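In what follows, a single structure is set out as structure tokens and then discussed.
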Amino acid sequence: MTILVTGGAGYIGAHVVRLLQQRGEQVVVVDDLSTGEAGRIGDATLVQLDVASPEAADVLTRTLREHDVRAVIHFAARKQVGESVEKPAWYYQQNVGGFTNLVSAMEAAGVDRLVFSSSAATYGMPSVSFVEEKLHAEPINPYGETKLVGEWLGRSASRAWGLRFVALRYFNVAGAGWPDLGDPAVLNLVPMVLDRLARGERPKIFGDDYPTPDGTCIRDYIHVLDLAEAHLAAIDYLGVEARPFDVFNVGTGTGSSVREVIDEIGVASGLDVTADIFPRRAGDPPQLVASPERINEVLGWRGSKALPEIISSAWEAWQAGPRRIDV
Ligand code: UFG
């Protein structure tokens, strides 16, 4: 079967591409290489394209037909919350516009299986400890809004022309499945701490006065390889007809605090990770942890790797990269 992966040269996308290749699938990657790297996709066919560009719907339609694609996994999108607050129209153009092009092309080419990268950012600031998919989604930034709109478009297309659609709401992704596939961006806690350590600086903690046991924010960290496997489970799930639309949290149900994550980086690296405390960052909920019950039951998927393994794999990948830290 040929599967098209948009954003397949990126951090999570490249893990999915490698797993698909290991399973013997043919893979076509569509990526503009703005953050992704061509060297990460092995022998997959690369179509260099910005899915939000004016010509994208036509190029995607042709690509789907030429390669006889049967299913699509869609990662290509912008994912920085702060940037989305600064440039909302551009986020909608990139994320919603790009996804609209893809869904149009799939309809035109008659491709009806789609897995969509959604986010826990769709929930906003939930007041419950463990979020379930049925909770009212109320994103608090344009990034989360674009993901929720994407879910709505998937649902509408499933009603209109029979698209089979799964949205996966990722919680906090970290680690590396292979040392050459580490997270190349310094945008989230684990790479941000490693980046500080690489500069000989102390990690930062944004707020230690939250109503949590150690005062720092709690998140549900998921190993990127576990997350990648959830996509394969979703593609298989959609292989059965009469499954028009579904949404799943991809998390473990276990929360870890910022301090626990930083301490674990100290254990993996052997470095002094004493942190400096900074004021709270705007828009951070004190706790965001998934209820993974639905994905456990329906897709038979379960996060298998706990925090120590996530962090040690992130450390190993960091050390295999260009900014190795002397220990
Ligand atoms: N943090 C620090 N110091 C740092 C970096 C982060 O204390 O140097 C804290 C943040 O304030 C937050 C926690 O670490 O409390 C996690 O922050 P991240 O930026 O790594 O992740 P977020 O939980 O803010 O957001 C991430 C993704 C979003 C996604 C969301 C879903 O970046 O795209 O998870 O939970 F929507």
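Ordering of the structure tokens sets the chain letters (A, B, ...), residue numbers begin anew at 1 in every chain, and ligands are numbered from 1 in the order given.
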
field: Surrounding residues as a PyMOL selection string, ligand 1, max 6 Å, only C-alpha atoms and all ligand atoms
entry: chain A and resi 79+119-121+171-172+188-189+192-193+204-206+217+258+281+284

- prompt: DSSP on the backbone: what in region 164-232 of chain A comes out strand (DSSP E or B), as a ChimeraX atom specification?
  reply: /A:164-170,172-174,204-206,218-219,221-223

message: Can you tell me which residues surround region 308-315 of chain A at a distance of at most 8 Å, considering only C-alpha atoms, apart from same-chain residues fewer than 2 positions away, and format the answer as a PyMOL selection string?
response: chain A and resi 174-179+182-183+190+194+222-223+261+264-265+268-269+305-306+317-319

Resulting file, chosen residues, N, CA and C atoms, as a compact mmCIF listing (two decimals), in the first residue's frame:
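Here's the written file part37.txt:
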# COMPACT_ATOMS: atom_id res chain seq x y z
N ALA A 174 8.20 13.93 23.23
CA ALA A 174 9.64 14.13 23.45
C ALA A 174 10.37 12.83 23.15
N GLY A 175 11.71 12.91 23.17
CA GLY A 175 12.52 11.71 22.95
C GLY A 175 12.84 11.49 21.48
N ALA A 176 13.45 10.35 21.21
CA ALA A 176 13.81 9.98 19.84
C ALA A 176 13.75 8.46 19.73
N GLY A 177 13.20 7.98 18.63
CA GLY A 177 13.14 6.53 18.40
C GLY A 177 14.48 5.99 17.92
N TRP A 178 15.24 6.87 17.25
CA TRP A 178 16.59 6.54 16.77
C TRP A 178 17.43 7.79 17.00
N PRO A 179 18.72 7.63 17.30
CA PRO A 179 19.51 8.82 17.62
C PRO A 179 19.58 9.86 16.49
N GLY A 182 16.32 12.88 16.40
CA GLY A 182 15.97 13.75 17.54
C GLY A 182 15.20 14.97 17.08
N ASP A 183 14.58 15.65 18.04
CA ASP A 183 13.81 16.86 17.74
C ASP A 183 14.78 17.98 17.35
N VAL A 190 12.11 19.83 26.82
CA VAL A 190 13.33 18.98 26.82
C VAL A 190 14.43 19.58 25.94
N LEU A 194 18.13 21.18 27.16
CA LEU A 194 19.40 20.69 26.57
C LEU A 194 20.14 21.85 25.89
N ILE A 222 4.95 11.96 26.22
CA ILE A 222 4.80 10.73 25.46
C ILE A 222 6.02 10.57 24.55
N HIS A 223 6.52 9.35 24.48
CA HIS A 223 7.70 9.06 23.63
C HIS A 223 7.29 9.16 22.17
N VAL A 261 11.04 16.46 35.04
CA VAL A 261 11.66 16.31 33.72
C VAL A 261 13.11 16.79 33.77
N GLU A 264 15.32 14.42 35.60
CA GLU A 264 15.58 13.22 34.80
C GLU A 264 16.67 13.51 33.75
N ILE A 265 16.70 14.73 33.25
CA ILE A 265 17.77 15.10 32.31
C ILE A 265 19.11 15.07 33.05
N ALA A 268 20.09 11.36 33.26
CA ALA A 268 20.54 10.80 31.96
C ALA A 268 21.90 11.34 31.57
N SER A 269 22.14 12.62 31.86
CA SER A 269 23.36 13.27 31.36
C SER A 269 24.49 13.28 32.38
N LYS A 305 6.50 3.66 26.94
CA LYS A 305 7.77 4.16 27.48
C LYS A 305 7.54 5.29 28.47
N ALA A 306 8.13 5.15 29.65
CA ALA A 306 7.95 6.14 30.72
C ALA A 306 9.05 7.21 30.63
N ALA A 317 20.08 11.26 21.47
CA ALA A 317 19.93 11.91 20.16
C ALA A 317 20.62 13.28 20.16
N TRP A 318 20.51 13.98 21.28
CA TRP A 318 21.19 15.29 21.36
C TRP A 318 22.70 15.09 21.19
N GLN A 319 23.22 14.08 21.87
CA GLN A 319 24.67 13.84 21.81
C GLN A 319 25.13 13.33 20.44

Of the listed residues A:Ser84, A:Thr252, A:Ser304, A:Asn101, that which approaches Leu288 (chain A) most closely, counting only C-alpha atoms: A:Thr252

message: Taking only region 66-274 of chain A into account, list the residues labelled helix (DSSP H, G or I) by DSSP (computed from the backbone), as number ranges by chain.
response: A: 66, 81-86, 88-109, 120-123, 142-161, 179-181, 189-198, 224-238, 258-269

Residues from last step as file, C-alpha atoms, as an mmCIF file, in the first residue's frame:
data_model
loop_
_atom_site.group_PDB
_atom_site.id
_atom_site.type_symbol
_atom_site.label_atom_id
_atom_site.label_comp_id
_atom_site.auth_asym_id
_atom_site.auth_seq_id
_atom_site.Cartn_x
_atom_site.Cartn_y
_atom_site.Cartn_z
ATOM 1 C CA GLU A 66 0.379 9.128 -9.854
ATOM 2 C CA VAL A 81 1.657 28.617 20.162
ATOM 3 C CA GLY A 82 3.325 32.022 20.747
ATOM 4 C CA GLU A 83 3.846 32.631 17.037
ATOM 5 C CA SER A 84 0.180 31.788 16.411
ATOM 6 C CA VAL A 85 -0.879 34.475 18.885
ATOM 7 C CA GLU A 86 1.276 37.021 17.009
ATOM 8 C CA PRO A 88 -3.287 34.467 13.642
ATOM 9 C CA ALA A 89 -4.189 35.030 9.985
ATOM 10 C CA TRP A 90 -0.973 33.384 8.835
ATOM 11 C CA TYR A 91 -1.642 30.404 11.141
ATOM 12 C CA TYR A 92 -5.100 29.946 9.693
ATOM 13 C CA GLN A 93 -3.709 30.312 6.170
ATOM 14 C CA GLN A 94 -0.952 27.766 6.817
ATOM 15 C CA ASN A 95 -2.787 25.207 8.943
ATOM 16 C CA VAL A 96 -6.386 25.476 7.818
ATOM 17 C CA GLY A 97 -5.500 26.532 4.252
ATOM 18 C CA GLY A 98 -2.985 23.716 3.879
ATOM 19 C CA PHE A 99 -5.420 21.151 5.240
ATOM 20 C CA THR A 100 -8.211 22.414 2.986
ATOM 21 C CA ASN A 101 -5.931 21.875 -0.027
ATOM 22 C CA LEU A 102 -5.203 18.348 1.115
ATOM 23 C CA VAL A 103 -8.845 17.375 1.728
ATOM 24 C CA SER A 104 -9.850 18.849 -1.666
ATOM 25 C CA ALA A 105 -7.113 16.846 -3.370
ATOM 26 C CA MET A 106 -8.127 13.633 -1.582
ATOM 27 C CA GLU A 107 -11.736 14.114 -2.655
ATOM 28 C CA ALA A 108 -10.662 14.790 -6.252
ATOM 29 C CA ALA A 109 -8.367 11.740 -6.318
ATOM 30 C CA ALA A 120 -4.125 18.744 23.353
ATOM 31 C CA ALA A 121 -4.064 22.491 22.646
ATOM 32 C CA THR A 122 -7.664 22.019 21.416
ATOM 33 C CA TYR A 123 -8.742 21.649 25.072
ATOM 34 C CA PRO A 142 -4.957 30.358 17.297
ATOM 35 C CA TYR A 143 -2.740 27.262 17.056
ATOM 36 C CA GLY A 144 -5.285 25.196 19.009
ATOM 37 C CA GLU A 145 -8.120 26.758 17.009
ATOM 38 C CA THR A 146 -6.598 25.703 13.693
ATOM 39 C CA LYS A 147 -6.328 22.123 14.976
ATOM 40 C CA LEU A 148 -9.953 22.097 16.114
ATOM 41 C CA VAL A 149 -11.096 23.541 12.769
ATOM 42 C CA GLY A 150 -9.129 20.757 11.066
ATOM 43 C CA GLU A 151 -11.069 18.182 13.104
ATOM 44 C CA TRP A 152 -14.334 19.834 12.043
ATOM 45 C CA LEU A 153 -13.345 19.780 8.378
ATOM 46 C CA GLY A 154 -12.494 16.083 8.678
ATOM 47 C CA ARG A 155 -15.882 15.395 10.257
ATOM 48 C CA SER A 156 -17.748 17.383 7.607
ATOM 49 C CA ALA A 157 -15.876 15.657 4.766
ATOM 50 C CA SER A 158 -16.689 12.282 6.293
ATOM 51 C CA ARG A 159 -20.380 13.196 6.205
ATOM 52 C CA ALA A 160 -20.238 14.781 2.747
ATOM 53 C CA TRP A 161 -18.251 12.280 0.706
ATOM 54 C CA PRO A 179 19.514 8.822 17.623
ATOM 55 C CA ASP A 180 19.440 10.412 14.150
ATOM 56 C CA LEU A 181 15.783 11.446 14.512
ATOM 57 C CA LEU A 189 10.887 21.866 27.475
ATOM 58 C CA VAL A 190 13.325 18.982 26.818
ATOM 59 C CA PRO A 191 15.230 20.540 23.873
ATOM 60 C CA MET A 192 15.105 23.936 25.607
ATOM 61 C CA VAL A 193 16.809 22.521 28.698
ATOM 62 C CA LEU A 194 19.398 20.695 26.572
ATOM 63 C CA ASP A 195 20.006 23.883 24.592
ATOM 64 C CA ARG A 196 20.661 25.841 27.816
ATOM 65 C CA LEU A 197 23.031 23.149 29.081
ATOM 66 C CA ALA A 198 24.854 23.150 25.724
ATOM 67 C CA VAL A 224 7.766 10.062 19.974
ATOM 68 C CA LEU A 225 8.079 6.408 18.923
ATOM 69 C CA ASP A 226 4.942 5.490 20.887
ATOM 70 C CA LEU A 227 3.207 8.413 19.220
ATOM 71 C CA ALA A 228 4.408 7.271 15.795
ATOM 72 C CA GLU A 229 3.002 3.802 16.483
ATOM 73 C CA ALA A 230 -0.393 5.349 17.281
ATOM 74 C CA HIS A 231 -0.493 6.601 13.671
ATOM 75 C CA LEU A 232 0.025 3.107 12.304
ATOM 76 C CA ALA A 233 -2.730 1.822 14.584
ATOM 77 C CA ALA A 234 -5.018 4.601 13.321
ATOM 78 C CA ILE A 235 -4.305 3.798 9.664
ATOM 79 C CA ASP A 236 -5.100 0.144 10.313
ATOM 80 C CA TYR A 237 -8.276 1.089 12.183
ATOM 81 C CA LEU A 238 -9.428 3.110 9.170
ATOM 82 C CA VAL A 258 8.754 20.427 34.903
ATOM 83 C CA ARG A 259 11.080 19.756 37.833
ATOM 84 C CA GLU A 260 10.810 15.996 37.412
ATOM 85 C CA VAL A 261 11.662 16.309 33.722
ATOM 86 C CA ILE A 262 14.687 18.489 34.441
ATOM 87 C CA ASP A 263 15.856 16.133 37.208
ATOM 88 C CA GLU A 264 15.580 13.224 34.801
ATOM 89 C CA ILE A 265 17.768 15.104 32.311
ATOM 90 C CA GLY A 266 20.299 15.384 35.127
ATOM 91 C CA VAL A 267 20.145 11.617 35.684
ATOM 92 C CA ALA A 268 20.539 10.799 31.965
ATOM 93 C CA SER A 269 23.361 13.270 31.363
#

Spatial neighbours of Phe130 (chain A), max dist 7 Å, only C-alpha atoms, sep filter under 3 positions, as a ChimeraX atom specification: /A:289-291

statement: Across A:Val28, A:Ile41, A:Ala275, A:Val166, the smallest distance to Ile295 (chain A), with only C-alpha atoms counted, is shown by A:Val166

message: Give me the residues near Gly42 (chain A) as a count of residues only, where near means some atom within 10 Å (using only C-alpha atoms) and where sequence neighbours in that chain fewer than 3 positions away do not count.
response: 10
